[in-house]
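One file, query.txt, is given below (compact mmCIF, C-alpha atoms).
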# COMPACT_ATOMS: atom_id res chain seq x y z
CA MET Q 315 8.81 0.65 -12.74
CA ILE Q 316 5.00 0.96 -12.39
CA TYR Q 317 4.58 -1.59 -15.18
CA GLU Q 318 6.83 -4.10 -13.39
CA MET Q 319 4.93 -3.62 -10.12
CA THR Q 320 1.56 -4.21 -11.75
CA VAL Q 321 1.06 -6.14 -14.97
CA PRO Q 322 3.52 -9.03 -14.51
CA GLN Q 323 2.69 -9.35 -10.81
CA PHE Q 324 -1.07 -9.25 -11.39
CA ILE Q 325 -0.77 -11.91 -14.11
CA LYS Q 326 1.38 -14.14 -11.90
CA THR Q 327 -0.93 -13.77 -8.91
CA LEU Q 328 -4.07 -14.35 -10.96
CA ARG Q 329 -2.50 -17.56 -12.30
CA ASN Q 330 -1.81 -18.55 -8.71
CA VAL Q 331 -5.47 -17.87 -7.90
CA THR Q 332 -6.47 -20.16 -10.78
CA ALA Q 333 -4.36 -22.93 -9.24
CA ILE Q 334 -5.99 -22.21 -5.88
CA LEU Q 335 -9.41 -22.57 -7.50
CA ASP Q 336 -8.31 -25.97 -8.84
CA LYS Q 337 -7.40 -27.00 -5.29
CA ALA Q 338 -10.78 -25.75 -4.10
CA ALA Q 339 -12.52 -27.88 -6.74
CA GLY Q 340 -10.50 -30.91 -5.66
CA PHE Q 341 -11.39 -30.23 -2.03
CA ALA Q 342 -15.09 -30.06 -2.90
CA ASP Q 343 -14.86 -33.35 -4.82
CA GLN Q 344 -12.98 -35.05 -1.99
CA LYS Q 345 -15.49 -33.85 0.62
CA LYS Q 346 -18.42 -34.62 -1.68
CA ILE Q 347 -19.83 -31.11 -1.49
CA GLU Q 348 -21.02 -28.96 -4.35
CA SER Q 349 -18.21 -26.59 -5.29
CA THR Q 350 -20.84 -23.85 -5.52
CA VAL Q 351 -21.02 -23.97 -1.72
CA LEU Q 352 -17.54 -22.43 -1.68
CA MET Q 353 -18.73 -19.47 -3.75
CA GLY Q 354 -20.81 -17.99 -0.92
CA LEU Q 355 -18.35 -18.49 1.92
CA ARG Q 356 -17.19 -15.50 3.98
CA LEU Q 357 -14.72 -14.95 6.80
CA VAL Q 358 -17.24 -12.85 8.75
CA PRO Q 359 -20.92 -12.11 8.13
CA ASP Q 360 -20.46 -8.50 7.04
CA GLN Q 361 -17.66 -9.23 4.56
CA LEU Q 362 -18.12 -9.92 0.86
CA ASP Q 363 -18.25 -13.57 -0.15
CA PHE Q 364 -15.60 -15.61 -1.95
CA THR Q 365 -17.04 -14.98 -5.41
CA ARG Q 366 -17.08 -11.23 -4.91
CA GLN Q 367 -13.49 -11.28 -3.62
CA ILE Q 368 -12.31 -12.87 -6.88
CA GLN Q 369 -14.43 -10.52 -8.99
CA ILE Q 370 -13.00 -7.47 -7.23
CA ALA Q 371 -9.43 -8.76 -7.46
CA CYS Q 372 -9.87 -9.07 -11.23
CA ASP Q 373 -11.50 -5.63 -11.42
CA SER Q 374 -8.74 -4.07 -9.34
CA ALA Q 375 -6.08 -5.40 -11.70
CA LYS Q 376 -7.77 -4.56 -14.98
CA LEU Q 377 -9.36 -1.25 -13.99
CA GLY Q 378 -6.30 -0.03 -12.13
CA VAL Q 379 -4.16 -0.61 -15.20
CA ALA Q 380 -6.85 0.74 -17.54
CA ARG Q 381 -7.25 3.98 -15.61
CA VAL Q 382 -3.56 4.84 -15.73
CA THR Q 383 -2.83 3.60 -19.27
CA GLU Q 384 -6.13 4.78 -20.77
CA LYS Q 385 -6.52 1.36 -22.43
CA ALA Q 386 -10.13 0.14 -22.24
CA ALA Q 387 -10.60 -2.93 -20.04
CA PRO Q 388 -13.03 -5.78 -20.71
CA GLU Q 389 -16.35 -5.60 -18.93
CA HIS Q 390 -17.57 -8.42 -16.71
CA ALA Q 391 -21.19 -8.72 -15.58
CA ASP Q 392 -20.45 -10.16 -12.10
CA THR Q 393 -22.63 -13.19 -12.83
CA GLU Q 394 -20.18 -15.99 -12.02
CA LYS Q 395 -21.82 -18.85 -10.12
CA THR Q 396 -19.23 -21.63 -10.48
CA LEU Q 397 -15.49 -22.11 -10.09
CA PRO Q 398 -15.05 -22.61 -13.87
CA GLU Q 399 -16.85 -19.30 -14.47
CA LEU Q 400 -14.50 -17.56 -12.02
CA LYS Q 401 -11.55 -19.15 -13.82
CA ALA Q 402 -12.88 -17.80 -17.13
CA ARG Q 403 -13.08 -14.30 -15.63
CA ILE Q 404 -9.52 -14.57 -14.38
CA GLU Q 405 -8.36 -15.75 -17.81
CA SER Q 406 -10.14 -12.84 -19.50
CA THR Q 407 -8.42 -10.45 -17.11
CA ILE Q 408 -5.04 -12.04 -17.79
CA LYS Q 409 -5.59 -11.82 -21.56
CA TYR Q 410 -6.30 -8.10 -21.20
CA LEU Q 411 -3.25 -7.52 -19.00
CA GLU Q 412 -1.07 -9.33 -21.55
CA THR Q 413 -1.97 -6.62 -24.10
CA ILE Q 414 -0.49 -3.90 -21.88
CA LYS Q 415 3.14 -2.95 -22.56
CA PRO Q 416 5.65 -0.94 -20.49
CA ALA Q 417 5.37 1.98 -22.93
CA ASP Q 418 1.66 2.26 -22.08
CA PHE Q 419 2.71 3.56 -18.67
CA SER Q 420 4.62 6.50 -20.15
CA GLY Q 421 3.53 9.71 -18.42
CA VAL Q 422 1.60 7.88 -15.69
CA GLU Q 423 2.95 10.23 -13.02
CA ALA Q 424 1.27 13.23 -14.70
CA ARG Q 425 -2.09 11.54 -15.29
CA ARG Q 426 -4.86 12.29 -12.80
CA VAL Q 427 -7.11 9.42 -11.73
CA THR Q 428 -10.46 9.56 -9.98
CA THR Q 429 -13.42 7.30 -9.35
CA PRO Q 430 -17.05 8.25 -8.71
CA ARG Q 431 -16.67 7.29 -5.04
CA TRP Q 432 -13.94 9.88 -4.54
CA GLU Q 433 -16.31 12.82 -5.03
CA GLY Q 434 -14.02 14.83 -7.30
CA LYS Q 435 -10.75 14.03 -5.52
CA THR Q 436 -7.86 12.73 -7.62
CA LEU Q 437 -4.52 10.98 -7.34
CA SER Q 438 -1.65 10.96 -9.78
CA GLY Q 439 -1.45 7.76 -11.79
CA SER Q 440 1.51 6.50 -9.79
CA GLU Q 441 -0.16 7.42 -6.47
CA TYR Q 442 -3.29 5.60 -7.60
CA ILE Q 443 -1.33 2.45 -8.44
CA ILE Q 444 0.84 2.50 -5.30
CA HIS Q 445 -1.74 3.60 -2.73
CA HIS Q 446 -4.92 2.07 -4.13
CA THR Q 447 -4.65 -0.48 -6.93
CA ILE Q 448 -1.88 -2.73 -5.63
CA PRO Q 449 -3.07 -2.86 -1.99
CA ASN Q 450 -6.70 -3.37 -3.07
CA PHE Q 451 -5.77 -6.18 -5.45
CA TYR Q 452 -3.78 -8.06 -2.81
CA PHE Q 453 -6.41 -7.41 -0.13
CA HIS Q 454 -9.05 -9.23 -2.17
CA VAL Q 455 -6.73 -12.05 -3.28
CA THR Q 456 -5.62 -12.57 0.33
CA THR Q 457 -9.20 -12.55 1.56
CA ALA Q 458 -10.27 -15.12 -1.06
CA TYR Q 459 -7.29 -17.30 -0.09
CA SER Q 460 -8.16 -16.94 3.60
CA ILE Q 461 -11.80 -17.85 3.04
CA LEU Q 462 -10.81 -21.13 1.41
CA ARG Q 463 -8.07 -21.83 3.94
CA ALA Q 464 -10.36 -21.14 6.89
CA ASN Q 465 -12.87 -23.61 5.46
CA GLY Q 466 -10.46 -26.49 5.08
CA VAL Q 467 -8.93 -26.18 1.62
CA GLU Q 468 -5.31 -27.22 2.04
CA LEU Q 469 -3.40 -24.15 0.95
CA GLY Q 470 -0.06 -22.78 1.99
CA LYS Q 471 2.08 -19.73 1.40
CA LYS Q 472 3.60 -21.31 -1.72
CA ASP Q 473 0.12 -21.52 -3.25
CA PHE Q 474 -0.30 -17.80 -2.70
CA LEU Q 475 3.19 -16.75 -3.78
CA GLY Q 476 3.64 -19.20 -6.65
CA ALA Q 477 7.01 -19.85 -8.23
CA LEU Q 478 9.79 -17.43 -7.39
CA PRO Q 479 12.35 -16.35 -10.00
CA PHE Q 480 15.29 -17.95 -8.24
CA LYS Q 481 18.65 -17.99 -10.00
CA ALA Q 482 21.21 -20.74 -9.47

Translate this structure into structure tokens?
Amino acid sequence: MIYEMTVPQFIKTLRNVTAILDKAAGFADQKKIESTVLMGLRLVPDQLDFTRQIQIACDSAKLGVARVTEKAAPEHADTEKTLPELKARIESTIKYLETIKPADFSGVEARRVTTPRWEGKTLSGSEYIIHHTIPNFYFHVTTAYSILRANGVELGKKDFLGALPFKA
């Protein structure tokens, strides 16, 4: 179940973010502004900017999965300055996630996960995914979406959610 809650959902949402970036590029073209202006936008002064929100969303997905599956994730240097560079980072993250299989999550409940910021504290792999990785991923995706929306990019809930697996 942890696999289904993470890998396919992260891939779907990151593809939705790519489509949102395309809308942002179109918005910049229409308004005759440099798309790089969008990269530094924030909702409030003390919050991380749009670029950092996308970087952290990608990191949350890949590192969250890597920590519980023990499958090394690609490294990214956090040097993206353009929308195409952000799209390339998203694609790299998706390619990594596509290598992860349900069997890689075997024993996740027994694995202990920590990060340097936790000062020696740990969570089980499933606790880490449920209480940290998933909420953190969606927090940063939602914030990136909200930054663009608040600055005039025409986005709606369907852009965020993407296609649903409806059955006739």

I want to know what sits within 9 Å of Q:Glu405, based on all atoms listed in the file, with residues of the same chain fewer than 5 positions away left out; could you give that as a list in words?
Leu328, Arg329, Thr332, Leu400 and Tyr410 of chain Q

Could you name the residues that touch Q:Gly421 at 12 Å or less, counting only C-alpha atoms, but leaving out those on the same chain fewer than 6 positions away, as a list in words?
Met315, Ile316, Tyr317, Val382, Thr383, Glu384, Ser438, Gly439 and Ser440 of chain Q

Can you write out the residues you just picked, keeping C-alpha atoms, as a tab-separated table (two decimals), keeping the file's coordinate frame?
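Result file is again.tsv:
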chain	number	residue	atom	x	y	z
Q	315	MET	CA	8.81	0.65	-12.74
Q	316	ILE	CA	5.00	0.96	-12.39
Q	317	TYR	CA	4.58	-1.59	-15.18
Q	382	VAL	CA	-3.56	4.84	-15.73
Q	383	THR	CA	-2.83	3.60	-19.27
Q	384	GLU	CA	-6.13	4.78	-20.77
Q	438	SER	CA	-1.65	10.96	-9.78
Q	439	GLY	CA	-1.45	7.76	-11.79
Q	440	SER	CA	1.51	6.50	-9.79

Sorted by chain and rising residue number, list the residues of stretch 349-429 of chain Q at most 7 Å from stretch 455-475 of chain Q (counting all atoms listed in the file), each with its closest atom pair and distance in Å to one decimal, as CSV.
residue,atom,partner,partner_atom,distance
Q:Leu355,CA,Q:Ile461,CA,6.7
Q:Arg356,CA,Q:Ile461,CA,6.0
Q:Leu357,CA,Q:Ile461,CA,5.6
Q:Phe364,CA,Q:Ala458,CA,5.4
Q:Gln367,CA,Q:Ala458,CA,5.6
Q:Ile368,CA,Q:Ala458,CA,6.6
Q:Ala371,CA,Q:Val455,CA,6.0

For Q:Arg425, which of Q:Thr407, Q:Ala387, Q:Arg381, Q:Ala375 is the closest residue, counting all atoms listed in the file?
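When distances to Q:Arg425 are compared using all atoms listed in the file, the smallest one comes from Q:Arg381.
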
Centre and edges of the stretch 452-459 of chain Q box, axis-aligned, 6 Å extra per side, as lines of an AutoDock Vina configuration file:
center_x = -7.0
center_y = -12.4
center_z = -0.9
size_x = 18.5
size_y = 21.9
size_z = 16.8

Could you give me, as a PyMOL selection string, the residues within 7 Å of stretch 343-354 of chain Q, counting all atoms listed in the file and dropping anything in the same chain fewer than 3 positions from it?
chain Q and resi 339-340+363-365+395-396

Pairwise distance for atom CA of Q:Ile444 and atom CA of Q:Lys481, rounded to one decimal in Å:
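Going from atom CA of Q:Ile444 over to atom CA of Q:Lys481 covers 27.6 Å.
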
Have a look at Q:Thr413, Q:Gln369, Q:Ser374, Q:Ser406 and name the one nearest to Q:Asp392; count only C-alpha atoms.
Q:Gln369

To one decimal place, how far is atom CA of Q:Tyr452 from atom CA of Q:Ile334 in Å?
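According to the coordinates, atom CA of Q:Tyr452 and atom CA of Q:Ile334 are separated by 14.6 Å.
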
Residue among Q:Arg403, Q:His446, Q:Lys376, Q:Lys435 lying closest to Q:Val331, counting all atoms listed in the file
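For Q:Val331, the nearest of the given residues is Q:Arg403.
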
Skip Q:Lys385 itself and residues of its chain fewer than 5 positions away, then list as a VMD selection string all residues within 9 Å of it, counting all atoms listed in the file.
chain Q and resid 379 to 380 414 418

Closest of Q:Ala402, Q:Ala386, Q:Ala391, Q:Leu478 to Q:Leu335 - atom-to-atom distances counting all atoms listed in the file
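Nearest to Q:Leu335: Q:Ala402.
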
Q:Gly476, Q:Phe341, Q:Leu362, Q:Val422 ranked by distance to Q:Leu437, top pick (using all atoms listed in the file)
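Among the listed residues, Q:Val422 lies closest to Q:Leu437.
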
What's the separation between atom CA of Q:Ser420 and atom CA of Q:Leu377, in Å to one decimal place?
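The value is 17.1 Å.
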
Can you pull out the residues contacting Q:Ile325? Cut-off 9 Å, using only C-alpha atoms, and skip same-chain residues under 4 positions away; I want them as a PyMOL selection string.
chain Q and resi 320-321+329-330+375+407-409+411-412

Would you mind telling me which residue in Q:Asp373, Q:Glu423, Q:Glu441, Q:Glu433 lies nearest to Q:His390 when using only C-alpha atoms?
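For Q:His390, the nearest of the candidates is Q:Asp373.
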